[in-house]
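One structure below.
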Amino acid sequence: MIAFRYALRSWTGRLGVLLIGVLVLAVAVSYVWVPHDPARVVPGDKWLGMSADHWFGTNGAGKDLFSVVLVGARISLFVALASSLIAGVIGLALGVLSAITPRYVGEPLANLIDVLIALPTLVLALVLVGLFKGSLLTVSAAIGFSSGVVLARIVRAEVARVLTQDFILAAQSSGTSTWRTVRRHILPNIAPIAIVQLSLIAALAILAEASLSYLGLTSRSRPSLGFELGELQKTVTVHPWPVLFPGLVLVLATLGFNLLGDGLRDATDPRLRTSGPRAAGVPTSPSPTVSTAMVNPLMPGAPLPGGPSEP
Amino acid sequence: MSLLAVTDLTVRFGESTVVDRVSFSIERGERLAIIGESGSGKTLTALSVIGLVPDAAVVTGSVVFDGQELLGRRDRELSKLRGEAIAMVFQNPLTALNPLMRVGKQIAEPLRRHHDMDRAAASRAAIELCDRVGLPEPDRAARAFPHQLSGGQRQHIGIAMALACRPALLIADEPTTALDVTVQADVLALLAELIASEETSLLFITHDVALVPRVADDVLVMRHGAIVESGLVGAIIEAPQHPYTQQLLDAARKTALPPDEHLDEIAVGHD
């Protein structure tokens, strides 16, 4: 994947990939090994502190928090992936269709997209969860659908831009069919933008699922990080520290996808491509975005340590 | 019977008429140039022939290719002709190639579409075509991405792609305008050589009168969407009848040496 190689050029991209890597690794480990049964209530072990046996301590029911968080991360990752998959399918299909079909089909489709965008994600998710039980798929479908239509509008604009380029006319003039033109010429050229959006959608999905579980609206058969946060919140004044663990994992997972998205966007925006490792040898001409955000107050003109113009 | 007979071709966008009752014909093996300033409707005339005008355009008249009327045919039927019987070379080789696709694959596209070649055969044919259009190291050129090639090399690729299926008619829309002068001569020579050896008819569109004698036998002069003068290239250059043609010729003479010498000199210098 060329896009991911680009992402690794900026420190945001690298950190994003690292955080997501840790998340994926943790989820993989959770299928092989979990120190304690996350659902087992041990009344004698309430609110234990961190120890070799209970790395994150225990909660008010005596459940091992590390195990709860490890297994809960599965849900976050699943929702992130499933939502962006659904969003990708909906966004690409609607976006491409509305751009390449004749005006009398494409315009109404574009209007429909605009109407669907007006539905707020969380409210739609609440309604769907209320109607069809709070299964993970329902939650993912709700998040995927509402972010998919937003993606569709971005994709439509991108496809319209690509369509004006000569190589599309060249493909048509050599008899390439519409479907083949979409597959071989249009999709590869909009892929960078779509990938960036999908990683941001994944971050949004983790937060949305956590919010729904926090409110107690999703199925309780699986321990989710948001649900655990909601439970711990009830006693937060007495036992403030356990909240940190599921909270931090959520923050880091969301941050990971957000940073990956940012890194990918920086890498795919040609105006920003001069920053990062490539510009290391030319500190006199940093891109304007970098120079305004990263000026070292002590030595104007010198890059901040660890800033984007470091190799 | 003419290979291509265009009669009273008119292209309208709403109220404005962009191409106005244009008629011309191209015989087999004939090379016809359309000259005119930008906005004179020459490109739209060419695009109407293969049915690739923008959706908003209303095209009337008649375009008969090889005995078949093309206007009003469905896109699916036309796309069988495009690339196979009528192919096109574009003005700007920097944008006419997909930046994310290896050029060999792009040359192979029309072959896979029209000659049902499998991937391996088409990629071998693409390398042969790269060789045919004179690219050094054809197998490496075929594996290159467009940005790894120079503008001139990219236009060679564009020509290879257009000629892949040995079309009966090649439309070249300002194929040298975006190239620098030394490369122009090179591309023109290649085009003339290939057209002659494949016995392809040529519709050459340009605003540069100086190029016309090198690639065309006949010429149409267009202005504001209508033909103002037509005839043999030699006759028109020697004795233009219409004041606009006179203007075009004067402009060409003023900017440089007489058209023929100008180009010959460059071609010699380049060889």
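The way I read the labels, and the way they are meant: chains A, B, ... in the order of the structure tokens, residue 1 as the first residue of every chain, and ligand 1 as the first ligand shown, with later ones counted on from there.
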
Within 12 Å of chain B: residues of chain A, using only C-alpha atoms, as a PyMOL selection string | chain A and resi 2+100-104+162-181+183-192

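Our summary of the geometry notes that CA of Glu229 in chain B is positioned 9.8 Å from CA of Pro243 in chain B.
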
Find the residues around range 32-39 of chain B up to 7 Å (only C-alpha atoms counted), leave out those fewer than 6 positions away in its own chain, and share them as a list of chain:residue names.
->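 Listed by chain and then number, they are B:Ile26, B:Leu202, B:Leu203, B:Phe204, B:Ile205, B:Thr206, B:His207, B:Val209, B:Val212, B:Ala216, B:Asp217, B:Asp218, B:Val219, B:Leu220, B:Val221, B:Met222, B:Arg223.
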
Please provide the set of residues having any atom within 9 Å of range 233-245 of chain A, restricted to only C-alpha atoms, with same-chain residues fewer than 5 positions apart removed, written as a PyMOL selection string.
-> chain A and resi 47+49+56-60+65-66+69+228+250

What does the distance between CA of Ala185 in chain B and CA of Val133 in chain B come to in Å, to one decimal place?
-> 14.1 Å

Skipping near chain neighbours, those fewer than 3 positions away, what residues fall within 12 Å of Val115 in chain A using only C-alpha atoms, listed as a compact mmCIF listing (two decimals) with N, CA and C atoms, in the first residue's frame?
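File written: part28.txt
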# COMPACT_ATOMS: atom_id res chain seq x y z
N PRO A 108 -30.53 13.99 -8.70
CA PRO A 108 -31.40 13.56 -7.59
C PRO A 108 -30.65 12.73 -6.56
N LEU A 109 -29.74 11.89 -7.04
CA LEU A 109 -28.95 11.07 -6.13
C LEU A 109 -28.11 11.95 -5.21
N ALA A 110 -27.53 13.01 -5.79
CA ALA A 110 -26.72 13.94 -5.00
C ALA A 110 -27.60 14.65 -3.98
N ASN A 111 -28.82 15.01 -4.38
CA ASN A 111 -29.73 15.65 -3.44
C ASN A 111 -30.10 14.71 -2.30
N LEU A 112 -30.31 13.43 -2.67
CA LEU A 112 -30.63 12.43 -1.66
C LEU A 112 -29.49 12.32 -0.65
N ALA A 118 -28.05 15.08 6.56
CA ALA A 118 -28.69 15.86 7.61
C ALA A 118 -29.09 15.01 8.81
N LEU A 119 -29.15 13.67 8.64
CA LEU A 119 -29.49 12.82 9.79
C LEU A 119 -28.28 12.75 10.72
N PRO A 120 -28.43 13.14 11.98
CA PRO A 120 -27.28 13.10 12.88
C PRO A 120 -26.92 11.66 13.26
N SER A 146 -24.32 6.56 8.42
CA SER A 146 -24.31 8.03 8.45
C SER A 146 -22.98 8.60 8.03
N VAL A 149 -22.66 8.34 3.96
CA VAL A 149 -23.26 9.36 3.09
C VAL A 149 -22.40 10.63 3.06
N VAL A 150 -21.73 10.91 4.18
CA VAL A 150 -20.81 12.06 4.17
C VAL A 150 -19.65 11.76 3.21
N ARG A 153 -20.49 12.25 -0.47
CA ARG A 153 -20.42 13.61 -1.03
C ARG A 153 -18.98 13.97 -1.40

Enumerate as a PyMOL selection string all residues of range 109-214 of chain B assigned to strand (DSSP E) by DSSP on the backbone, naming them with the chain letters and numbers the document uses.
-> chain B and resi 169-173+201-206

How far is it from CA of Ala226 in chain B to CA of Asp20 in chain B, in Å with one decimal?
-> 5.1 Å

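Comparing A:Ala267, A:Ser221, A:Leu23, A:Gly226 by their smallest distance to Lys133 in chain A, the closest is A:Ser221 (using only C-alpha atoms).
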